[in-house]
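Containing mmCIF, C-alpha atoms: query-v3.cif.
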```
data_coords
#
loop_
_atom_site.label_atom_id
_atom_site.label_comp_id
_atom_site.auth_asym_id
_atom_site.auth_seq_id
_atom_site.Cartn_x
_atom_site.Cartn_y
_atom_site.Cartn_z
CA MET H 1298 83.10 69.86 100.80
CA TRP H 1299 79.90 68.14 99.67
CA ARG H 1300 77.89 70.12 102.23
CA ARG H 1301 79.09 73.39 100.71
CA LEU H 1302 77.73 72.53 97.26
CA GLY H 1303 74.68 74.57 96.27
CA VAL H 1304 71.82 73.71 93.94
CA LEU H 1305 73.64 75.23 90.95
CA ASP H 1306 76.74 73.18 91.72
CA TRP H 1307 74.73 69.94 91.73
CA ILE H 1308 73.11 70.91 88.42
CA ARG H 1309 76.55 71.46 86.88
CA ILE H 1310 77.86 68.16 88.21
CA GLY H 1311 74.71 66.39 87.03
CA LEU H 1312 75.18 67.81 83.53
CA LEU H 1313 78.73 66.47 83.38
CA VAL H 1314 77.68 63.05 84.69
CA LEU H 1315 74.89 62.92 82.10
CA GLY H 1316 77.40 63.74 79.36
CA LEU H 1317 79.74 60.99 80.56
CA VAL H 1318 76.83 58.53 80.58
CA PHE H 1319 76.06 59.46 76.97
CA VAL H 1320 79.67 58.71 76.02
CA ALA H 1321 79.80 55.46 78.01
CA THR H 1322 76.57 54.16 76.45
CA GLY H 1323 77.60 55.09 72.91
CA LEU H 1324 74.83 57.67 72.42
CA LEU H 1325 77.71 60.06 71.77
CA PRO H 1326 80.49 58.26 69.88
CA TRP H 1327 83.98 58.56 71.36
CA ASP H 1328 85.34 60.35 68.27
CA ALA H 1329 82.57 62.96 68.44
CA ALA H 1330 83.15 63.44 72.17
CA THR H 1331 86.91 63.97 71.82
CA GLU H 1332 86.37 66.35 68.90
CA SER H 1333 83.93 68.37 70.98
CA LEU H 1334 86.27 68.52 73.99
CA ASP H 1335 89.27 69.42 71.82
CA GLU H 1336 87.29 72.40 70.62
CA ILE H 1337 86.85 73.80 74.13
CA GLY H 1338 90.37 73.10 75.46
CA PRO H 1339 91.76 76.58 74.70
CA LEU H 1340 88.51 78.15 75.91
CA LEU H 1341 88.81 76.47 79.30
CA ILE H 1342 92.41 77.70 79.62
CA PHE H 1343 91.20 81.21 78.85
CA LEU H 1344 88.32 81.01 81.32
CA VAL H 1345 90.54 79.84 84.17
CA ALA H 1346 93.20 82.48 83.46
CA ILE H 1347 90.81 85.41 82.99
CA ILE H 1348 88.84 84.63 86.14
CA ILE H 1349 92.02 84.30 88.20
CA LEU H 1350 93.19 87.61 86.72
CA ALA H 1351 89.88 89.29 87.56
CA GLU H 1352 89.67 87.82 91.07
CA LEU H 1353 93.19 88.92 91.98
CA THR H 1354 92.63 92.33 90.40
CA LYS H 1355 89.69 92.77 92.72
CA GLU H 1356 91.80 91.56 95.68
CA ALA H 1357 94.41 94.19 94.76
CA GLN H 1358 91.65 96.83 95.10
CA VAL H 1359 91.88 98.02 91.48
CA PHE H 1360 88.10 97.90 91.00
CA ASP H 1361 87.51 99.55 94.37
CA ALA H 1362 89.86 102.41 93.55
CA ILE H 1363 88.28 103.03 90.14
CA ALA H 1364 84.72 102.89 91.52
CA ALA H 1365 85.54 105.29 94.37
CA ARG H 1366 87.25 107.73 92.03
CA MET H 1367 84.28 107.61 89.68
CA ALA H 1368 82.00 108.62 92.53
CA VAL H 1369 84.37 111.46 93.47
CA LEU H 1370 84.64 112.56 89.84
CA GLY H 1371 80.85 112.71 89.61
CA ARG H 1372 80.84 115.38 92.37
CA GLY H 1373 77.43 114.39 93.67
CA ASN H 1374 75.76 114.64 90.25
CA TYR H 1375 73.72 111.53 89.43
CA THR H 1376 73.82 112.12 85.67
CA ALA H 1377 77.61 112.24 85.70
CA LEU H 1378 77.78 109.15 87.92
CA PHE H 1379 75.37 107.32 85.61
CA LEU H 1380 77.56 108.00 82.57
CA LEU H 1381 80.72 107.00 84.45
CA CYS H 1382 79.17 103.76 85.79
CA THR H 1383 77.81 102.68 82.42
CA ALA H 1384 81.16 103.40 80.76
CA PHE H 1385 83.06 101.47 83.46
CA ALA H 1386 80.72 98.45 83.38
CA SER H 1387 80.82 98.39 79.57
CA PHE H 1388 84.63 98.59 79.51
CA VAL H 1389 85.04 95.77 82.04
CA THR H 1390 82.54 93.57 80.18
CA ILE H 1391 84.14 94.15 76.79
CA PHE H 1392 87.74 93.50 77.87
CA LEU H 1393 87.43 91.20 80.92
CA ASN H 1394 84.15 89.40 80.03
CA LEU H 1395 80.64 89.51 81.45
CA ASP H 1396 81.34 87.29 84.46
CA THR H 1397 83.87 89.80 85.76
CA THR H 1398 81.25 92.56 85.61
CA ALA H 1399 78.42 90.53 87.11
CA VAL H 1400 80.38 88.63 89.75
CA LEU H 1401 83.29 90.87 90.72
CA LEU H 1402 82.24 94.40 89.82
CA THR H 1403 78.78 94.07 91.41
CA PRO H 1404 80.10 93.69 95.01
CA VAL H 1405 82.42 96.66 94.46
CA MET H 1406 79.55 98.87 93.30
CA LEU H 1407 77.26 97.67 96.09
CA ALA H 1408 79.96 98.35 98.68
CA LEU H 1409 80.30 101.85 97.24
CA ALA H 1410 76.57 102.57 97.65
CA PRO H 1411 76.44 103.07 101.45
CA LYS H 1412 79.72 105.02 101.48
CA ALA H 1413 78.32 107.58 99.06
CA ARG H 1414 74.71 107.21 100.23
CA ILE H 1415 73.71 106.03 96.76
CA ALA H 1416 70.70 103.79 96.18
CA ALA H 1417 72.07 100.29 95.55
CA LEU H 1418 69.51 98.99 93.02
CA PRO H 1419 70.47 101.36 90.15
CA LEU H 1420 74.12 100.37 90.55
CA ALA H 1421 73.23 96.68 90.66
CA MET H 1422 71.02 96.84 87.57
CA THR H 1423 73.75 98.71 85.70
CA THR H 1424 76.21 95.90 86.27
CA ILE H 1425 73.94 93.01 85.34
CA TRP H 1426 72.31 94.54 82.28
CA LEU H 1427 75.59 95.76 80.82
CA ALA H 1428 77.27 92.47 81.72
CA ASN H 1429 74.95 90.93 79.13
CA THR H 1430 74.32 93.65 76.58
CA ALA H 1431 77.90 95.01 76.41
CA SER H 1432 79.35 91.57 75.66
CA LEU H 1433 79.17 91.70 71.86
CA LEU H 1434 82.25 93.58 70.70
CA LEU H 1435 85.15 91.17 71.29
CA PRO H 1436 85.47 87.38 71.36
CA VAL H 1437 86.66 87.56 74.99
CA SER H 1438 83.58 89.50 76.10
CA ASN H 1439 81.40 86.41 76.32
CA LEU H 1440 81.92 82.65 76.19
CA THR H 1441 79.31 82.41 73.44
CA ASN H 1442 81.50 84.68 71.27
CA LEU H 1443 84.48 82.39 71.84
CA LEU H 1444 82.38 79.36 71.01
CA GLY H 1445 81.25 80.93 67.75
CA MET H 1446 84.55 82.38 66.53
CA GLU H 1447 85.92 79.28 64.86
CA LYS H 1448 82.69 78.50 63.04
CA ILE H 1449 82.12 82.11 61.99
CA GLY H 1450 85.69 82.28 60.67
CA LEU H 1451 86.60 85.79 61.87
CA ASP H 1452 89.66 86.87 63.84
CA ALA H 1453 89.32 89.29 66.76
CA GLN H 1454 89.66 92.47 64.67
CA GLU H 1455 87.27 91.22 61.97
CA PHE H 1456 84.81 90.19 64.68
CA ALA H 1457 84.96 93.67 66.22
CA GLY H 1458 84.56 95.16 62.75
CA ARG H 1459 81.24 93.37 62.34
CA MET H 1460 80.00 93.91 65.88
CA TRP H 1461 80.92 97.54 66.67
CA ALA H 1462 77.61 98.95 65.42
CA PRO H 1463 75.44 96.29 67.14
CA GLN H 1464 77.44 96.84 70.33
CA ILE H 1465 76.87 100.59 70.31
CA ALA H 1466 73.16 100.05 69.65
CA ALA H 1467 72.86 97.55 72.51
CA ILE H 1468 74.64 99.82 74.99
CA LEU H 1469 72.62 102.91 74.03
CA VAL H 1470 69.30 101.09 74.42
CA THR H 1471 70.47 99.65 77.75
CA MET H 1472 71.43 103.13 78.97
CA ALA H 1473 68.01 104.46 77.97
CA PHE H 1474 66.23 101.70 79.91
CA LEU H 1475 68.52 102.10 82.92
CA TRP H 1476 67.86 105.82 83.10
CA ALA H 1477 64.11 105.53 82.54
CA PHE H 1478 63.44 102.75 85.05
CA TYR H 1479 66.22 102.97 87.66
CA TRP H 1480 68.29 106.17 87.49
CA ARG H 1481 65.97 109.09 86.69
CA PRO H 1482 65.09 111.43 89.58
CA GLY H 1483 61.67 109.89 90.13
CA GLU H 1484 63.25 106.46 90.69
CA ARG H 1485 65.95 107.63 93.12
CA ARG H 1486 65.68 108.57 96.77
CA ASP H 1487 67.96 111.65 96.55
CA LEU H 1488 68.66 114.47 94.10
CA ARG H 1489 72.41 114.31 94.82
CA TYR H 1490 74.81 111.89 96.46
CA THR H 1491 77.75 112.38 98.80
CA PRO H 1492 81.16 111.73 97.17
CA PRO H 1493 83.07 109.19 99.28
CA VAL H 1494 86.37 109.83 101.00
CA LEU H 1495 89.19 108.21 99.03
CA GLU H 1496 91.10 105.56 100.94
CA PRO H 1497 94.67 104.47 100.13
CA VAL H 1498 95.16 100.98 98.67
CA ALA H 1499 96.53 98.41 101.11
CA ASP H 1500 99.43 97.26 98.90
CA ARG H 1501 100.68 99.50 96.10
CA VAL H 1502 102.84 96.75 94.59
CA LEU H 1503 99.87 94.40 94.16
CA PHE H 1504 97.79 97.28 92.86
CA ALA H 1505 100.43 98.13 90.26
CA ALA H 1506 100.95 94.48 89.24
CA ALA H 1507 97.22 93.86 88.80
CA SER H 1508 96.81 97.06 86.80
CA ALA H 1509 99.77 96.07 84.62
CA GLY H 1510 98.32 92.61 84.11
CA CYS H 1511 95.00 94.00 82.89
CA LEU H 1512 96.73 96.46 80.56
CA LEU H 1513 98.94 93.68 79.19
CA PHE H 1514 95.89 91.53 78.49
CA ILE H 1515 94.23 94.35 76.54
CA ALA H 1516 97.45 95.11 74.66
CA LEU H 1517 97.92 91.46 73.65
CA LEU H 1518 94.35 91.35 72.36
CA LEU H 1519 95.03 94.43 70.23
CA ILE H 1520 97.98 92.70 68.54
CA GLU H 1521 95.80 89.64 67.93
CA ALA H 1522 97.43 87.23 70.36
CA HIS H 1523 95.34 84.13 71.10
CA VAL H 1524 92.96 84.84 73.96
CA ALA H 1525 94.25 81.89 75.99
CA VAL H 1526 97.84 83.10 75.61
CA ALA H 1527 96.92 86.70 76.46
CA ALA H 1528 94.93 85.78 79.56
CA THR H 1529 97.56 83.32 80.79
CA ALA H 1530 100.41 85.82 80.40
CA ALA H 1531 98.46 88.55 82.19
CA ALA H 1532 97.37 86.23 84.99
CA ALA H 1533 100.96 84.97 85.45
CA ILE H 1534 102.17 88.50 86.25
CA VAL H 1535 99.52 89.01 88.91
CA VAL H 1536 99.95 85.53 90.42
CA ALA H 1537 103.70 86.13 90.67
CA ALA H 1538 103.09 89.38 92.53
CA PHE H 1539 100.75 87.67 94.97
CA LEU H 1540 103.29 84.87 95.50
CA LEU H 1541 105.77 87.49 96.63
CA ARG H 1542 103.45 89.77 98.59
CA ALA H 1543 100.36 87.85 99.71
CA ARG H 1544 100.83 84.13 99.15
CA GLU H 1545 97.97 83.28 101.55
CA ARG H 1546 95.42 84.75 99.14
CA LEU H 1547 96.31 82.25 96.42
CA THR H 1548 93.82 79.51 97.22
CA TRP H 1549 92.24 76.71 95.21
CA SER H 1550 88.95 78.63 95.30
CA LEU H 1551 90.38 80.93 92.60
CA ILE H 1552 90.00 78.12 90.06
CA PRO H 1553 86.45 78.25 88.62
CA TRP H 1554 85.81 74.51 88.73
CA GLN H 1555 82.06 75.05 88.52
CA LEU H 1556 82.38 76.73 85.13
CA ILE H 1557 84.81 74.06 83.88
CA VAL H 1558 82.40 71.29 84.89
CA PHE H 1559 79.41 73.08 83.34
CA VAL H 1560 81.07 73.84 80.00
CA THR H 1561 82.54 70.32 79.70
CA GLY H 1562 79.18 68.73 80.43
CA LEU H 1563 77.47 71.09 78.01
CA PHE H 1564 79.79 70.07 75.18
CA LEU H 1565 78.90 66.43 75.75
CA VAL H 1566 75.16 66.74 76.29
CA VAL H 1567 74.18 69.18 73.51
CA PRO H 1568 75.92 67.21 70.68
CA THR H 1569 74.18 64.05 71.92
CA LEU H 1570 70.76 65.71 71.97
CA SER H 1571 71.42 67.10 68.50
CA ARG H 1572 71.97 63.53 67.27
CA LEU H 1573 68.69 62.48 68.88
CA GLY H 1574 66.52 65.03 67.06
CA LEU H 1575 67.23 68.38 68.70
CA SER H 1576 68.69 69.70 65.44
CA ASP H 1577 65.40 69.11 63.64
CA VAL H 1578 63.54 71.14 66.27
CA MET H 1579 66.06 73.98 66.06
CA THR H 1580 65.87 74.05 62.26
CA TRP H 1581 62.08 74.31 62.48
CA LEU H 1582 62.30 77.13 65.04
CA ILE H 1583 64.71 79.36 63.11
CA GLY H 1584 63.21 78.54 59.71
CA THR H 1585 64.90 78.13 56.37
CA GLU H 1586 64.45 81.69 55.10
CA GLY H 1587 67.73 82.93 56.61
CA ASP H 1588 66.00 85.60 58.69
CA PRO H 1589 68.50 87.06 61.23
CA TYR H 1590 65.71 88.66 63.29
CA ARG H 1591 63.97 85.32 63.74
CA THR H 1592 67.25 83.59 64.60
CA ALA H 1593 68.07 86.23 67.21
CA ALA H 1594 64.58 86.00 68.70
CA VAL H 1595 64.83 82.20 68.98
CA GLY H 1596 68.24 82.53 70.65
CA ALA H 1597 66.88 85.08 73.13
CA GLY H 1598 63.75 83.08 73.87
CA LEU H 1599 65.62 79.83 74.46
CA SER H 1600 68.19 81.66 76.60
CA ASN H 1601 65.48 82.90 78.93
CA MET H 1602 63.95 79.43 79.04
CA ILE H 1603 67.00 77.22 79.57
CA ASN H 1604 70.15 79.46 79.78
CA ASN H 1605 72.09 81.15 77.00
CA LEU H 1606 75.02 78.70 76.68
CA PRO H 1607 72.97 75.59 75.83
CA ALA H 1608 70.65 77.78 73.76
CA TYR H 1609 73.56 79.03 71.66
CA GLN H 1610 75.04 75.55 71.27
CA ALA H 1611 71.73 74.04 70.19
CA VAL H 1612 70.92 76.67 67.54
CA GLU H 1613 74.47 77.16 66.25
CA ALA H 1614 74.65 73.47 65.31
CA VAL H 1615 72.02 73.92 62.57
CA ILE H 1616 73.38 77.13 61.00
CA PRO H 1617 75.95 76.63 58.22
CA PRO H 1618 79.35 78.35 58.69
CA ALA H 1619 78.85 80.43 55.55
CA ASP H 1620 75.75 82.10 57.01
CA ARG H 1621 77.67 84.64 59.10
CA ASP H 1622 74.79 87.08 59.46
CA ARG H 1623 72.61 84.52 61.18
CA LEU H 1624 75.45 83.26 63.38
CA LEU H 1625 76.19 86.82 64.50
CA ALA H 1626 72.46 87.46 64.97
CA LEU H 1627 72.31 84.36 67.16
CA LEU H 1628 75.13 85.80 69.28
CA ALA H 1629 73.10 89.00 69.61
CA GLY H 1630 70.11 86.96 70.77
CA THR H 1631 72.05 84.93 73.33
CA ASN H 1632 74.06 87.93 74.61
CA VAL H 1633 71.58 90.82 74.61
CA GLY H 1634 68.44 88.73 75.12
CA PRO H 1635 69.16 86.93 78.45
CA VAL H 1636 67.99 89.81 80.66
CA VAL H 1637 64.47 88.64 81.48
CA THR H 1638 64.65 85.56 83.71
CA PRO H 1639 67.09 85.01 86.61
CA TRP H 1640 68.47 81.81 85.05
CA ALA H 1641 68.98 83.18 81.53
CA SER H 1642 72.74 83.38 82.06
CA LEU H 1643 75.16 82.11 84.68
CA ALA H 1644 76.22 85.70 85.31
CA THR H 1645 72.66 86.65 86.26
CA LEU H 1646 72.34 83.76 88.69
CA LEU H 1647 75.58 84.71 90.41
CA TRP H 1648 74.53 88.37 90.40
CA PHE H 1649 71.34 87.54 92.30
CA GLU H 1650 73.42 85.72 94.90
CA SER H 1651 75.68 88.76 95.27
CA CYS H 1652 72.66 91.02 95.74
CA ARG H 1653 71.30 88.67 98.39
CA ARG H 1654 74.59 88.70 100.31
CA HIS H 1655 74.59 92.51 100.29
CA GLU H 1656 70.90 92.61 101.33
CA VAL H 1657 69.82 94.41 98.17
CA GLN H 1658 66.16 93.75 97.40
CA VAL H 1659 65.51 93.14 93.69
CA PRO H 1660 61.77 93.52 92.95
CA MET H 1661 61.15 90.44 90.81
CA ARG H 1662 58.12 91.76 88.91
CA ARG H 1663 59.99 94.94 88.03
CA PHE H 1664 63.08 92.96 87.07
CA LEU H 1665 61.09 90.72 84.72
CA LEU H 1666 59.05 93.47 83.05
CA THR H 1667 61.88 95.94 82.52
CA GLY H 1668 64.12 93.11 81.34
CA LEU H 1669 61.47 92.03 78.85
CA GLY H 1670 61.26 95.54 77.46
CA LEU H 1671 65.02 95.78 77.17
CA ALA H 1672 65.25 92.38 75.49
CA VAL H 1673 62.65 93.26 72.85
CA VAL H 1674 63.81 96.80 72.05
CA GLY H 1675 67.51 96.13 72.55
CA LEU H 1676 67.53 93.02 70.38
CA ALA H 1677 65.60 94.71 67.56
CA ALA H 1678 68.03 97.64 67.56
CA THR H 1679 71.07 95.37 67.78
CA VAL H 1680 70.07 93.11 64.88
CA TRP H 1681 69.08 96.13 62.79
CA ALA H 1682 72.54 97.62 63.34
CA LEU H 1683 74.10 94.26 62.46
CA VAL H 1684 72.17 93.93 59.22
CA GLU H 1685 72.18 97.57 58.08
CA LEU H 1686 75.36 99.15 59.46
CA SER H 1687 78.04 96.48 59.87
#
```
What does the file become when written as structure tokens?
Amino acid sequence: MWRRLGVLDWIRIGLLVLGLVFVATGLLPWDAATESLDEIGPLLIFLVAIIILAELTKEAQVFDAIAARMAVLGRGNYTALFLLCTAFASFVTIFLNLDTTAVLLTPVMLALAPKARIAALPLAMTTIWLANTASLLLPVSNLTNLLGMEKIGLDAQEFAGRMWAPQIAAILVTMAFLWAFYWRPGERRDLRYTPPVLEPVADRVLFAAASAGCLLFIALLLIEAHVAVAATAAAAIVVAAFLLRARERLTWSLIPWQLIVFVTGLFLVVPTLSRLGLSDVMTWLIGTEGDPYRTAAVGAGLSNMINNLPAYQAVEAVIPPADRDRLLALLAGTNVGPVVTPWASLATLLWFESCRRHEVQVPMRRFLLTGLGLAVVGLAATVWALVELS
């Protein structure tokens, strides 16, 4: 098992060990540690359940069927396919979170590319950019949203009521950048593509159960059920179907232990560093004027330097709960902004690995420059919509 651990896995384990050392040495008092871990308990339940749901939904070929039918519906027209792909990636990100789009939807889209003779890079960039920028609308869309919900003091519907305008702005800017730099005729190898031949799903019962599970999850969110309850109930339906039809596919690898280790370590390390002076640095960076644009920019900059989860945790700690505009602006910065560097979000790191496995070349200079443009323009538009329209 130890030989199969990658560099990222060792970093996650190291973060957890460091957090435990902080607790053992008293740098983080036991009461503060337990309070921090109590806060993330329901979030970890949600993460495990939603990832199991998404993984088994992919195994049941739901994503494959939707992607293939999108390509058929586009009838060889790239503009139609572009609109369908951006809508699909945005929908999956909003309701099943960004990791589902980046980690599970990316292989589906890349597998579709050779079947329809579509250039793979535009499809890949669509998934990773919208995995980040379309993750503002609901608490479940991004772990940072879930982390901020309790402090911000909004339920799911109130959260969506504040974030609908920023979310639309972020998606529209992302679509403009995708078309200009990856999808327009001058950036593609063909004027039209070949619609693929539709293939029947291997197991209609699993397909139906997975589809029902996803619909149940969305329905429970709409009636304001707790995200952990909604994800667990939906995942239970799909797991039960696999127990009956394909028990061999239910393996321990479905449990996202890497994410559990990373988040747990993060919630021990960041509070300790805040006690040791990190909070003073964050307060200096975001200023005392209450400027949401500056707060969002700091969140985006730190995300691209160190990763968006620790960036959000570090800055959120110094913003008072009553200052909702700045807390929501920080979410915009740590959700829309992490599109420049490969390590800005865990989803991006895993996306690069998926591209490598499918032998898709991602030009790094182009990735960095276009991502920088999207981060600057997209974040400005998103925060403006937050301040002026929501």
Test item: the PyMOL selection byres ((chain H and resi 1471) around 12) resolved as a compact mmCIF listing (two decimals) with C-alpha atoms, in the frame of the given file:
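Produced file expr_23.txt, reproduced below:
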```txt
# COMPACT_ATOMS: atom_id res chain seq x y z
CA LEU H 1380 77.56 108.00 82.57
CA THR H 1383 77.81 102.68 82.42
CA ALA H 1384 81.16 103.40 80.76
CA ALA H 1386 80.72 98.45 83.38
CA SER H 1387 80.82 98.39 79.57
CA MET H 1422 71.02 96.84 87.57
CA THR H 1423 73.75 98.71 85.70
CA THR H 1424 76.21 95.90 86.27
CA ILE H 1425 73.94 93.01 85.34
CA TRP H 1426 72.31 94.54 82.28
CA LEU H 1427 75.59 95.76 80.82
CA ALA H 1428 77.27 92.47 81.72
CA ASN H 1429 74.95 90.93 79.13
CA THR H 1430 74.32 93.65 76.58
CA ALA H 1431 77.90 95.01 76.41
CA GLN H 1464 77.44 96.84 70.33
CA ILE H 1465 76.87 100.59 70.31
CA ALA H 1466 73.16 100.05 69.65
CA ALA H 1467 72.86 97.55 72.51
CA ILE H 1468 74.64 99.82 74.99
CA LEU H 1469 72.62 102.91 74.03
CA VAL H 1470 69.30 101.09 74.42
CA MET H 1472 71.43 103.13 78.97
CA ALA H 1473 68.01 104.46 77.97
CA PHE H 1474 66.23 101.70 79.91
CA LEU H 1475 68.52 102.10 82.92
CA TRP H 1476 67.86 105.82 83.10
CA ALA H 1477 64.11 105.53 82.54
CA PHE H 1478 63.44 102.75 85.05
CA TYR H 1479 66.22 102.97 87.66
CA TRP H 1480 68.29 106.17 87.49
CA VAL H 1633 71.58 90.82 74.61
CA GLY H 1634 68.44 88.73 75.12
CA VAL H 1636 67.99 89.81 80.66
CA THR H 1667 61.88 95.94 82.52
CA GLY H 1668 64.12 93.11 81.34
CA LEU H 1669 61.47 92.03 78.85
CA GLY H 1670 61.26 95.54 77.46
CA LEU H 1671 65.02 95.78 77.17
CA ALA H 1672 65.25 92.38 75.49
CA VAL H 1673 62.65 93.26 72.85
CA VAL H 1674 63.81 96.80 72.05
CA GLY H 1675 67.51 96.13 72.55
CA LEU H 1676 67.53 93.02 70.38
CA ALA H 1678 68.03 97.64 67.56
CA THR H 1679 71.07 95.37 67.78
```
For this session: Compare H:Ala1644, H:Leu1570, H:Ala1499, H:Leu1433 by their minimum atom-to-atom distance to Arg1542 in chain H, counting all atoms listed in the file, and give me the closest one.
Result: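 Smallest separation from Arg1542 in chain H among the options: H:Ala1499.
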Exercise. Which is closest to Leu1341 in chain H among H:Ile1552, H:Val1400, H:Ile1308, H:Ala1365, if we use only C-alpha atoms?
Worked result: H:Ile1552
For this session: Name every residue that the PyMOL selection byres ((chain H and resi 1614) around 9) selects in this structure, writing the answer as a list of chain:residue names with chains first and numbers rising.
Result: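 What the PyMOL selection byres ((chain H and resi 1614) around 9) grabs from the file is H:Pro1568, H:Ser1571, H:Ser1576, H:Met1579, H:Tyr1609, H:Gln1610, H:Ala1611, H:Val1612, H:Glu1613, H:Val1615, H:Ile1616, H:Pro1617.
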Exercise. Nearest to Lys1448 in chain H: which of H:Leu1540, H:Ala1619, H:Ala1677, H:Ile1583 is it, counting all atoms listed in the file?
Worked result: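 With all atoms listed in the file as the atom set, the closest residue is H:Ala1619.
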Problem set entry | Pick from H:Ala1641, H:Leu1435, H:Leu1627, H:Ile1534, whichever lies nearest to Thr1390 in chain H using only C-alpha atoms |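 Result for the nearest residue to Thr1390 in chain H: H:Leu1435.
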